[in-house]
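Student: The file below is final-v7.cif, mmCIF, C-alpha atoms and all ligand atoms:
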data_query
#
loop_
_atom_site.label_atom_id
_atom_site.label_comp_id
_atom_site.auth_asym_id
_atom_site.auth_seq_id
_atom_site.Cartn_x
_atom_site.Cartn_y
_atom_site.Cartn_z
CA MET K 1 -11.65 18.68 3.07
CA ILE K 2 -10.62 17.50 -0.39
CA THR K 3 -8.35 20.07 -2.03
CA THR K 4 -5.56 20.47 -4.57
CA HIS K 5 -3.96 23.41 -2.71
CA LEU K 6 -0.39 22.64 -1.75
CA GLU K 7 -0.24 25.67 0.54
CA GLN K 8 -3.03 24.29 2.73
CA ALA K 9 -1.29 20.94 2.86
CA LYS K 10 2.01 22.52 3.82
CA ALA K 11 0.42 24.74 6.49
CA ALA K 12 -1.27 21.75 8.13
CA LEU K 13 1.99 19.78 8.17
CA LEU K 14 3.85 22.72 9.72
CA ARG K 15 1.27 22.65 12.54
CA ASP K 16 2.12 18.95 13.04
CA ASP K 17 -1.30 17.96 11.75
CA ILE K 18 -1.62 15.00 9.45
CA ILE K 19 -3.02 15.11 5.95
CA ALA K 20 -3.77 12.65 3.15
CA ILE K 21 -1.40 12.68 0.18
CA PRO K 22 -1.69 11.05 -3.22
CA THR K 23 1.02 8.73 -4.46
CA GLU K 24 1.25 6.52 -7.54
CA THR K 25 0.54 3.44 -5.39
CA VAL K 26 -2.18 4.31 -2.84
CA TYR K 27 -3.03 7.40 -0.78
CA GLY K 28 -1.01 7.96 2.39
CA LEU K 29 -1.70 9.52 5.81
CA ALA K 30 1.24 11.88 6.12
CA GLY K 31 2.94 13.78 8.91
CA ASN K 32 6.37 15.24 9.75
CA ALA K 33 8.59 12.17 10.15
CA TYR K 34 10.90 14.06 12.54
CA HIS K 35 8.13 15.01 15.00
CA GLU K 36 6.80 12.39 17.36
CA VAL K 37 3.61 14.35 17.99
CA ALA K 38 2.73 14.19 14.30
CA VAL K 39 3.72 10.54 13.97
CA GLU K 40 1.64 9.60 16.99
CA LYS K 41 -1.43 11.17 15.38
CA ILE K 42 -0.95 8.91 12.37
CA PHE K 43 -0.93 5.76 14.51
CA LYS K 44 -3.99 6.93 16.44
CA LEU K 45 -6.07 7.85 13.41
CA LYS K 46 -5.18 4.63 11.62
CA GLN K 47 -5.66 2.55 14.79
CA ARG K 48 -2.38 0.96 13.93
CA PRO K 49 -0.35 -0.95 16.51
CA PHE K 50 2.89 0.82 17.40
CA TYR K 51 5.04 -2.19 16.52
CA ASN K 52 4.10 -1.75 12.86
CA PRO K 53 6.56 0.81 11.41
CA LEU K 54 5.82 3.51 8.83
CA ILE K 55 7.34 4.29 5.45
CA VAL K 56 9.17 7.62 5.21
CA HIS K 57 8.80 9.57 1.96
CA ILE K 58 11.57 11.80 0.62
CA SER K 59 11.77 14.09 -2.42
CA SER K 60 14.70 12.43 -4.18
CA ALA K 61 17.49 9.94 -3.68
CA ALA K 62 19.71 12.93 -2.90
CA ALA K 63 17.70 13.40 0.33
CA LEU K 64 18.51 9.87 1.58
CA ALA K 65 21.04 11.21 4.08
CA GLU K 66 18.15 12.97 5.86
CA VAL K 67 16.79 9.61 6.99
CA ALA K 68 19.35 6.83 6.50
CA VAL K 69 23.00 5.97 6.93
CA GLU K 70 25.05 3.29 5.17
CA VAL K 71 23.38 2.77 1.81
CA PRO K 72 24.43 -0.60 0.29
CA ALA K 73 25.63 -0.67 -3.32
CA GLN K 74 22.58 -2.68 -4.40
CA ALA K 75 20.30 -0.07 -2.83
CA LYS K 76 22.00 2.62 -4.89
CA ILE K 77 21.40 0.62 -8.06
CA LEU K 78 17.73 0.16 -7.17
CA ALA K 79 17.25 3.83 -6.27
CA GLN K 80 18.75 4.80 -9.60
CA ALA K 81 16.52 2.35 -11.46
CA PHE K 82 13.19 2.81 -9.68
CA TRP K 83 12.99 6.22 -7.92
CA PRO K 84 10.79 8.11 -8.04
CA GLY K 85 8.58 5.04 -7.95
CA PRO K 86 6.91 2.24 -6.00
CA LEU K 87 10.01 0.76 -4.40
CA THR K 88 10.57 1.01 -0.65
CA MET K 89 13.96 0.16 0.79
CA VAL K 90 14.68 -0.69 4.41
CA LEU K 91 17.97 0.93 5.41
CA LYS K 92 19.82 1.72 8.62
CA LYS K 93 18.10 4.78 10.13
CA ASN K 94 19.83 7.97 11.19
CA GLU K 95 19.34 9.60 14.60
CA ARG K 96 16.80 12.14 13.36
CA ILE K 97 14.13 9.50 12.75
CA PRO K 98 12.21 8.83 15.99
CA ALA K 99 11.90 5.23 17.16
CA LEU K 100 8.13 5.67 16.95
CA VAL K 101 8.38 5.77 13.14
CA THR K 102 10.32 2.53 12.94
CA GLY K 103 8.57 0.42 15.57
CA GLY K 104 11.74 0.60 17.65
CA LYS K 105 13.86 -0.94 14.89
CA ASP K 106 17.21 0.55 13.91
CA THR K 107 16.10 0.50 10.28
CA VAL K 108 13.83 2.87 8.37
CA ALA K 109 11.70 2.13 5.31
CA VAL K 110 12.08 4.86 2.70
CA ARG K 111 10.87 5.71 -0.77
CA VAL K 112 10.53 8.54 -3.29
CA PRO K 113 6.91 8.51 -4.43
CA ASN K 114 6.18 9.21 -8.09
CA HIS K 115 3.35 11.70 -7.96
CA PRO K 116 3.80 15.31 -9.15
CA LEU K 117 1.72 16.92 -6.37
CA THR K 118 3.40 15.02 -3.58
CA LEU K 119 6.87 15.53 -5.06
CA SER K 120 6.19 19.29 -5.15
CA LEU K 121 4.98 19.15 -1.56
CA LEU K 122 8.08 17.24 -0.42
CA ALA K 123 10.34 19.70 -2.24
CA ALA K 124 8.66 22.56 -0.36
CA LEU K 125 9.25 20.98 3.06
CA ASP K 126 12.44 20.70 5.07
CA PHE K 127 11.40 17.41 6.62
CA PRO K 128 10.44 13.98 5.22
CA LEU K 129 6.90 12.61 5.48
CA ALA K 130 6.04 9.46 7.38
CA ALA K 131 3.01 7.95 5.65
CA PRO K 132 1.26 4.61 5.87
CA SER K 133 -1.61 3.85 3.52
CA ALA K 134 -4.63 6.03 4.34
CA ASN K 135 -6.98 3.31 5.55
CA PRO K 136 -7.92 2.04 8.99
CA PHE K 137 -5.63 -0.82 10.01
CA GLY K 138 -6.41 -4.00 8.10
CA SER K 139 -8.92 -2.56 5.62
CA ILE K 140 -8.75 -1.97 1.86
CA SER K 141 -6.20 0.66 0.78
CA PRO K 142 -7.53 3.87 -0.82
CA THR K 143 -6.75 4.66 -4.46
CA SER K 144 -8.75 7.90 -4.68
CA ALA K 145 -9.38 10.97 -2.54
CA ALA K 146 -13.01 9.86 -2.24
CA HIS K 147 -11.91 6.56 -0.66
CA VAL K 148 -9.90 8.47 1.95
CA ASP K 149 -12.80 10.83 2.57
CA ALA K 150 -15.13 7.88 3.15
CA TYR K 151 -12.75 6.51 5.81
CA PHE K 152 -11.68 9.71 7.59
CA LYS K 153 -14.10 12.47 6.57
CA ASP K 154 -14.31 14.24 9.92
CA ASP K 155 -10.74 13.69 11.03
CA LEU K 156 -8.69 15.13 8.19
CA GLU K 157 -8.53 18.81 7.51
CA VAL K 158 -6.68 18.30 4.23
CA ILE K 159 -7.04 15.49 1.72
CA LEU K 160 -4.75 16.43 -1.15
CA ASP K 161 -6.47 15.26 -4.31
CA GLY K 162 -4.11 13.85 -6.91
CA GLY K 163 -6.67 11.82 -8.83
CA THR K 164 -6.76 8.04 -9.13
CA CYS K 165 -3.52 6.27 -8.21
CA GLU K 166 -1.72 5.09 -11.35
CA ARG K 167 -0.36 1.83 -9.91
CA GLY K 168 -3.07 0.89 -7.43
CA LEU K 169 -0.92 -1.50 -5.36
CA GLU K 170 1.43 -0.61 -2.49
CA SER K 171 5.15 -0.31 -3.09
CA THR K 172 7.42 -3.33 -3.22
CA ILE K 173 9.57 -3.49 -0.06
CA ILE K 174 13.20 -4.63 -0.16
CA GLY K 175 15.58 -4.95 2.77
CA PHE K 176 19.25 -5.88 3.04
CA GLU K 177 20.43 -8.56 5.42
CA GLU K 178 24.16 -9.16 5.49
CA ASP K 179 24.32 -7.48 2.10
CA LYS K 180 21.77 -9.82 0.56
CA ALA K 181 18.64 -8.17 -0.87
CA ILE K 182 15.44 -9.58 0.60
CA LEU K 183 11.86 -9.06 -0.56
CA TYR K 184 9.65 -8.15 2.44
CA ARG K 185 6.48 -7.26 0.56
CA LEU K 186 5.31 -8.01 -2.97
CA GLY K 187 4.19 -4.76 -4.53
CA ALA K 188 3.75 -2.55 -7.56
CA ILE K 189 7.16 -3.41 -9.03
CA ALA K 190 7.32 -7.05 -10.10
CA VAL K 191 9.99 -9.24 -8.50
CA GLU K 192 11.26 -10.09 -11.98
CA ASP K 193 11.97 -6.40 -12.71
CA ILE K 194 13.99 -6.00 -9.51
CA GLU K 195 15.91 -9.23 -10.11
CA ALA K 196 16.79 -7.97 -13.59
CA LYS K 197 18.78 -5.20 -11.86
CA ILE K 198 20.44 -6.94 -8.91
CA GLY K 199 19.97 -10.70 -9.34
CA LYS K 200 18.04 -13.19 -7.21
CA LEU K 201 16.19 -11.88 -4.17
CA GLY K 202 15.65 -13.70 -0.91
CA ILE K 203 11.91 -13.88 -0.26
CA LYS K 204 10.33 -13.20 3.14
CA ASN K 205 6.90 -12.14 1.93
CA LYS K 206 5.00 -14.17 4.46
CA SER K 207 3.27 -13.87 7.76
CA GLU K 208 5.29 -14.26 10.91
CA GLN K 209 4.69 -13.88 14.61
CA ALA K 210 6.81 -10.74 14.69
CA PRO K 211 6.60 -9.89 11.02
CA GLU K 212 9.62 -8.48 9.25
CA ALA K 213 7.24 -6.11 7.48
CA PRO K 214 3.89 -6.25 9.22
CA GLY K 215 2.10 -5.38 5.97
CA MET K 216 2.71 -9.08 5.86
CA LEU K 217 0.16 -9.78 8.54
CA LEU K 218 -1.86 -12.70 7.29
CA LYS K 219 -5.15 -10.84 7.34
CA HIS K 220 -4.95 -7.44 5.66
CA TYR K 221 -6.42 -5.43 2.81
CA SER K 222 -9.82 -6.83 3.80
CA PRO K 223 -13.35 -5.87 2.81
CA ALA K 224 -16.08 -6.16 5.46
CA THR K 225 -17.95 -8.58 3.18
CA ASP K 226 -16.93 -12.26 3.30
CA MET K 227 -14.61 -13.07 0.46
CA VAL K 228 -13.27 -16.24 -1.12
CA LEU K 229 -10.52 -16.77 -3.70
CA SER K 230 -10.75 -19.45 -6.38
CA GLU K 231 -9.30 -20.67 -9.67
CA ASP K 232 -12.77 -21.88 -10.59
CA VAL K 233 -15.26 -19.08 -10.01
CA LEU K 234 -18.28 -20.93 -11.45
CA GLY K 235 -17.52 -23.93 -9.24
CA ALA K 236 -17.09 -21.69 -6.18
CA MET K 237 -20.45 -20.03 -6.87
CA GLN K 238 -22.26 -23.34 -6.36
CA ALA K 239 -21.52 -23.22 -2.65
CA PHE K 240 -23.41 -19.92 -2.41
CA GLU K 241 -26.66 -20.68 -4.23
CA ARG K 242 -29.42 -18.15 -3.55
CA LYS K 243 -26.93 -15.84 -1.86
CA LYS K 244 -26.15 -12.30 -2.99
CA ILE K 245 -22.86 -12.80 -4.82
CA GLY K 246 -20.32 -10.36 -6.26
CA LEU K 247 -17.52 -11.50 -8.56
CA LEU K 248 -14.06 -9.97 -8.87
CA LEU K 249 -12.68 -11.19 -12.19
CA PHE K 250 -9.50 -10.70 -14.21
CA GLN K 251 -10.50 -10.52 -17.89
CA GLN K 252 -14.07 -11.52 -18.53
CA GLU K 253 -17.49 -12.04 -17.05
CA VAL K 254 -18.83 -15.52 -16.40
CA GLU K 255 -22.29 -16.78 -17.34
CA ALA K 256 -24.46 -15.98 -14.37
CA GLY K 257 -27.84 -14.42 -13.66
CA ASP K 258 -28.31 -10.66 -13.69
CA GLU K 259 -28.50 -10.64 -9.91
CA VAL K 260 -24.80 -11.52 -9.73
CA VAL K 261 -22.65 -8.36 -9.73
CA GLN K 262 -19.50 -8.75 -11.81
CA GLU K 263 -16.39 -6.56 -11.72
CA VAL K 264 -13.91 -7.24 -14.53
CA LEU K 265 -10.51 -5.72 -13.79
CA SER K 266 -8.88 -5.77 -17.24
CA PRO K 267 -10.76 -6.87 -20.35
CA SER K 268 -7.48 -6.71 -22.30
CA GLY K 269 -5.78 -9.04 -19.82
CA ASP K 270 -3.20 -6.48 -18.76
CA LEU K 271 -1.89 -7.11 -15.22
CA ALA K 272 -0.89 -3.47 -14.61
CA GLY K 273 -4.37 -2.37 -15.68
CA ALA K 274 -5.96 -4.92 -13.35
CA ALA K 275 -3.72 -3.75 -10.48
CA LYS K 276 -4.84 -0.16 -10.98
CA GLU K 277 -8.52 -1.15 -10.72
CA LEU K 278 -8.26 -3.78 -7.97
CA TYR K 279 -8.91 -1.80 -4.77
CA ALA K 280 -11.55 0.48 -6.32
CA ALA K 281 -13.48 -2.61 -7.44
CA MET K 282 -13.13 -4.12 -3.96
CA HIS K 283 -14.43 -0.89 -2.39
CA ARG K 284 -17.45 -0.89 -4.76
CA LEU K 285 -18.30 -4.54 -4.14
CA ASP K 286 -17.92 -4.05 -0.40
CA HIS K 287 -20.63 -1.34 -0.42
CA LEU K 288 -23.35 -3.40 -2.09
CA GLY K 289 -24.55 -5.39 0.91
CA LEU K 290 -23.44 -8.67 -0.69
CA GLU K 291 -23.21 -11.92 1.24
CA VAL K 292 -20.01 -13.01 -0.47
CA ILE K 293 -17.40 -11.74 -2.91
CA ILE K 294 -15.77 -14.45 -5.02
CA ALA K 295 -12.41 -13.36 -6.44
CA GLU K 296 -10.68 -15.12 -9.31
CA ARG K 297 -7.07 -16.15 -8.73
CA PHE K 298 -4.63 -14.42 -11.10
CA PRO K 299 -1.79 -15.97 -13.11
CA ASP K 300 1.13 -16.17 -10.68
CA VAL K 301 3.62 -14.06 -12.65
CA GLY K 302 4.71 -10.41 -12.51
CA LEU K 303 2.07 -8.21 -10.89
CA GLY K 304 -0.26 -11.22 -10.85
CA ARG K 305 1.79 -12.44 -7.86
CA THR K 306 1.17 -9.21 -5.98
CA ILE K 307 -2.54 -9.25 -6.82
CA ASN K 308 -2.83 -12.85 -5.59
CA ASP K 309 -0.97 -11.90 -2.41
CA ARG K 310 -3.45 -9.09 -1.68
CA LEU K 311 -6.47 -11.25 -2.53
CA GLN K 312 -5.15 -14.04 -0.31
CA ARG K 313 -4.76 -11.67 2.65
CA ALA K 314 -8.18 -10.15 1.97
CA VAL K 315 -9.88 -13.56 2.31
CA GLU K 316 -8.15 -14.53 5.58
CA LYS K 317 -10.50 -14.62 8.53
O1 LIG F 1 2.97 2.26 -1.51
C1 LIG F 1 3.20 2.38 -0.32
O2 LIG F 1 4.19 1.84 0.23
C2 LIG F 1 2.22 3.21 0.52
C3 LIG F 1 2.33 4.67 0.10
C4 LIG F 1 1.49 5.59 0.95
O3 LIG F 1 3.67 5.04 0.08
N1 LIG F 1 2.47 3.04 1.90
C5 LIG F 1 2.21 1.89 2.56
O4 LIG F 1 2.44 1.98 3.92
O5 LIG F 1 1.81 0.89 2.03
P1 LIG F 1 1.92 0.92 4.98
O6 LIG F 1 2.18 1.54 6.30
O7 LIG F 1 0.55 0.54 4.69
O8 LIG F 1 2.91 -0.27 4.83
C6 LIG F 1 4.22 -0.09 5.29
C7 LIG F 1 4.93 -1.39 5.33
C8 LIG F 1 4.47 -2.24 6.48
O9 LIG F 1 4.31 -3.57 6.04
C9 LIG F 1 5.63 -2.12 7.44
O10 LIG F 1 5.75 -3.21 8.25
C10 LIG F 1 6.81 -2.00 6.50
O11 LIG F 1 6.32 -1.15 5.51
N2 LIG F 1 7.95 -1.37 7.15
C11 LIG F 1 8.07 -0.10 7.56
N3 LIG F 1 9.26 0.09 8.19
C12 LIG F 1 9.91 -1.08 8.15
C13 LIG F 1 11.17 -1.53 8.64
N4 LIG F 1 12.01 -0.73 9.28
N5 LIG F 1 11.50 -2.83 8.42
C14 LIG F 1 10.66 -3.65 7.77
N6 LIG F 1 9.44 -3.28 7.29
C15 LIG F 1 9.07 -2.02 7.49
MG MG F 2 -1.23 -0.42 4.44
#
What is this structure when it is put down as structure tokens?
Ligand code: TXA
Ligand code: MG
Tutor:
Amino acid sequence: MITTHLEQAKAALLRDDIIAIPTETVYGLAGNAYHEVAVEKIFKLKQRPFYNPLIVHISSAAALAEVAVEVPAQAKILAQAFWPGPLTMVLKKNERIPALVTGGKDTVAVRVPNHPLTLSLLAALDFPLAAPSANPFGSISPTSAAHVDAYFKDDLEVILDGGTCERGLESTIIGFEEDKAILYRLGAIAVEDIEAKIGKLGIKNKSEQAPEAPGMLLKHYSPATDMVLSEDVLGAMQAFERKKIGLLLFQQEVEAGDEVVQEVLSPSGDLAGAAKELYAAMHRLDHLGLEVIIAERFPDVGLGRTINDRLQRAVEK
């Protein structure tokens, strides 16, 4: 059920049920991070492999000791600069966090989400919330309560409705290896903005056999419809003559027949605006019975890098 009642959300969590919560990035599937029974339900519902760890959400940086030990100096600077907000940090976990949450690793991914409803909920709980994005494994992340409802209608008693997500892209993930800060996932905070605080980052935002952050799996964030990514959308369209085509464009429409569906993400050319619209536009295009979605590659700076990363993973077969 879609609701705005915090009491219902809290009651469900106290029963070790899982609920959907809004955040500024995407909606999450949340449960008590200290209780294995709750965490297991998250993995089951999401059909997520157990090796892929979850992000734990806390109410403020002051609650870090509830999940982590040994916070590096750079992590303190980043927490100060970006929390509440779309920055996740991978830190050494404490003994209260079950291995199930962390995929057996001795580290835990943690963030303070910047959404008033969810911050109020967290403040009312005496446990942190483990929450991956509220989509079945590998599919497009949800940026509205309606998206979550479409995925999990019958399986969630509470979908806490906090409106459309302001950022629209998952959090940026940073880890610390031998005291060097490493980017594990491009996200809603641009690399440039993090480097302005702590200097150059190491970059590991790629696919690996045993991925550092399995959000980095090569194929991810994918619509069911075939999708291609191109600098030259008109050129790419030629390969799909007489097919039902949808276009996912940055700033402006291209000249094409009326039968071609066009989604323009930001007419003003604003990358943050485009990020906010990206997944909703992908969800819409994916429900039109198209034969192909052609996405335009973004300028590779700031949030454009994150958008290109998501589009690239969405087109992988
Ligand atoms: O914006 C977000 O981060 C959203 C909202 C709900 O907070 N959550 C989200 O969760 O995107 P999810 O599960 O879709 O992605 C979590 C990512 C995965 O790529 C996972 O591998 C990585 O975090 N991760 C979690 N724990 C980790 C750890 N200990 N070390 C490295 N990566 C970790
Ligand atoms: Mg996800």
Student: Would you compute the distance between CA of Ile198 (chain K) and CA of Thr102 (chain K)? Give it in Å to one decimal.
Tutor: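 One can read the CA of Ile198 (chain K) to CA of Thr102 (chain K) distance as 25.9 Å.
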Student: Out of K:Asn205, K:Gln312, K:Ser266, K:Ser120, which residue has the shortest atom-to-atom distance to ligand LIG 1 (chain F) when counting all atoms listed in the file?
Tutor: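 For ligand LIG 1 (chain F), the nearest of the candidates is K:Asn205.
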Student: Please return the centre and edge lengths, in Å to one decimal, of a box with edges along x, y and z that contains all listed atoms of ligand LIG 1 (chain F), widened by 4 Å on every side, as JSON.
Tutor:
{"center_x": 6.3, "center_y": 1.0, "center_z": 3.9, "size_x": 19.5, "size_y": 17.2, "size_z": 18.8}
Student: Neighbours of ligand MG 2 (chain F) at 9 Å or closer, counting all atoms listed in the file: which residues, as JSON, numbers by chain?
Tutor: {"K": [26, 28, 132, 133, 134, 135, 136, 137, 138, 139, 140, 141, 170, 215, 220, 221]}
Student: Return as an MDAnalysis selection string the residues of protein, DNA or RNA that approach ligand LIG 1 (chain F) to within 8 Å, with all atoms listed in the file taken into account.
Tutor: chainID K and resid 21:29 52:57 86:88 90:91 101:103 105:111 113 131:134 141 169:173 175 184:185 187:188 211:217
Student: So that I can see what lies close to region 72-77 of chain K, please list as a PyMOL selection string the residues with an atom at most 9 Å from it, counting only C-alpha atoms and leaving out residues fewer than 4 positions away in the same chain.
Tutor: chain K and resi 61+81-82+89+91+174-176+179-181+197-198
Student: Excluding Arg15 (chain K) and its own-chain neighbours fewer than 5 positions away, which residues fall within 10 Å of it when counting all atoms listed in the file? Please give them as a ChimeraX atom specification.
Tutor: /K:10,31-32,38
Student: Give me the residues within 7 Å of region 279-289 of chain K as a PyMOL selection string, counting only C-alpha atoms and dropping any in the same chain fewer than 4 places off.
Tutor: chain K and resi 140-141+143+168+223-225+246+263
Student: Which neighbours of Thr4 (chain K) fall inside 12 Å, counting all atoms listed in the file, when residues of the same chain fewer than 6 positions from it are skipped, and could you give them as a list in words?
Tutor: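 These residues fall inside the cut-off: Lys10, Ala20, Ile21, Pro22, Pro116, Leu117, Thr118, Ser120, Leu121, Ala145, Val158, Ile159, Leu160, Asp161, Gly162 and Gly163 of chain K.
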Student: Neighbours of Ala256 (chain K) within 10 Å (only C-alpha atoms; same-chain residues fewer than 5 positions away dropped), as a list in words?
Tutor: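 Contacts, with the query itself left out: Leu234, Met237, Val261 and Gln262 of chain K.
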Student: Measuring atom to atom with only C-alpha atoms, identify which of K:Leu247, K:Ile19, K:Leu125, K:Val148 is nearest to Val264 (chain K).
Tutor: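 Looking only at the distances to Val264 (chain K), the closest residue turns out to be K:Leu247.
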Student: Check the smallest atom-to-atom distance from each of K:Ile203, K:Glu255, K:Glu195, K:Val315 to Ser230 (chain K) using only C-alpha atoms, then report the winner.
Tutor: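 Of K:Ile203, K:Glu255, K:Glu195, K:Val315, the one nearest Ser230 (chain K), counting only C-alpha atoms, is K:Val315.
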Student: Using Å and a single decimal, report how far CA of Pro128 (chain K) sits from CA of Ile58 (chain K).
Tutor: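 Between CA of Ile58 (chain K) and CA of Pro128 (chain K) the gap is 5.2 Å.
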Student: Could you tell me how far CA of Ala123 (chain K) sits from CA of Ala9 (chain K), in Å to one decimal place?
Tutor: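 Atom-to-atom, CA of Ala9 (chain K) to CA of Ala123 (chain K), that is 12.8 Å.
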Student: Find the residue from K:Lys93, K:Gln252, K:Ala30, K:Leu303 that sits nearest to Phe43 (chain K); use all atoms listed in the file when measuring.
Tutor: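 Under the stated criterion, the closest residue is K:Ala30.
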Student: N, CA and C atoms are what I want for region 73-95 of chain K; can you complete it accordingly and write them as a short mmCIF file (atom, residue, chain, number, x, y, z; two decimals), keeping the file's coordinate frame?
Tutor:
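Okay, out03.cif is ready:
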data_model
loop_
_atom_site.label_atom_id
_atom_site.label_comp_id
_atom_site.auth_asym_id
_atom_site.auth_seq_id
_atom_site.Cartn_x
_atom_site.Cartn_y
_atom_site.Cartn_z
N ALA K 73 25.47 -0.90 -1.88
CA ALA K 73 25.63 -0.67 -3.32
C ALA K 73 24.38 -1.10 -4.09
N GLN K 74 23.78 -2.22 -3.69
CA GLN K 74 22.58 -2.68 -4.40
C GLN K 74 21.43 -1.69 -4.23
N ALA K 75 21.36 -1.05 -3.07
CA ALA K 75 20.30 -0.07 -2.83
C ALA K 75 20.48 1.13 -3.76
N LYS K 76 21.74 1.49 -3.99
CA LYS K 76 22.00 2.62 -4.89
C LYS K 76 21.56 2.29 -6.32
N ILE K 77 21.82 1.05 -6.71
CA ILE K 77 21.40 0.62 -8.06
C ILE K 77 19.87 0.68 -8.17
N LEU K 78 19.19 0.19 -7.13
CA LEU K 78 17.73 0.16 -7.17
C LEU K 78 17.14 1.57 -7.13
N ALA K 79 17.75 2.45 -6.34
CA ALA K 79 17.25 3.83 -6.27
C ALA K 79 17.37 4.49 -7.64
N GLN K 80 18.51 4.25 -8.27
CA GLN K 80 18.75 4.80 -9.60
C GLN K 80 17.72 4.27 -10.60
N ALA K 81 17.41 2.99 -10.49
CA ALA K 81 16.52 2.35 -11.46
C ALA K 81 15.04 2.69 -11.21
N PHE K 82 14.63 2.80 -9.97
CA PHE K 82 13.19 2.81 -9.68
C PHE K 82 12.65 4.06 -8.98
N TRP K 83 13.50 5.00 -8.57
CA TRP K 83 12.99 6.22 -7.92
C TRP K 83 12.99 7.38 -8.88
N PRO K 84 11.99 8.25 -8.86
CA PRO K 84 10.79 8.11 -8.04
C PRO K 84 9.97 6.91 -8.51
N GLY K 85 9.39 6.19 -7.56
CA GLY K 85 8.58 5.04 -7.95
C GLY K 85 8.25 4.14 -6.78
N PRO K 86 7.49 3.06 -7.07
CA PRO K 86 6.91 2.24 -6.00
C PRO K 86 7.85 1.19 -5.42
N LEU K 87 9.05 1.63 -5.06
CA LEU K 87 10.01 0.76 -4.40
C LEU K 87 10.37 1.36 -3.05
N THR K 88 10.17 0.59 -1.99
CA THR K 88 10.57 1.01 -0.65
C THR K 88 11.77 0.20 -0.23
N MET K 89 12.78 0.88 0.32
CA MET K 89 13.96 0.16 0.79
C MET K 89 14.13 0.35 2.28
N VAL K 90 14.46 -0.73 2.96
CA VAL K 90 14.68 -0.69 4.41
C VAL K 90 16.19 -0.55 4.63
N LEU K 91 16.55 0.58 5.22
CA LEU K 91 17.97 0.93 5.41
C LEU K 91 18.23 1.26 6.88
N LYS K 92 19.48 1.34 7.23
CA LYS K 92 19.82 1.72 8.62
C LYS K 92 19.39 3.17 8.84
N LYS K 93 18.64 3.43 9.92
CA LYS K 93 18.10 4.78 10.13
C LYS K 93 19.14 5.72 10.73
N ASN K 94 18.97 7.01 10.50
CA ASN K 94 19.83 7.97 11.19
C ASN K 94 19.15 8.43 12.48
N GLU K 95 19.85 9.29 13.25
CA GLU K 95 19.34 9.60 14.60
C GLU K 95 18.18 10.59 14.57
#
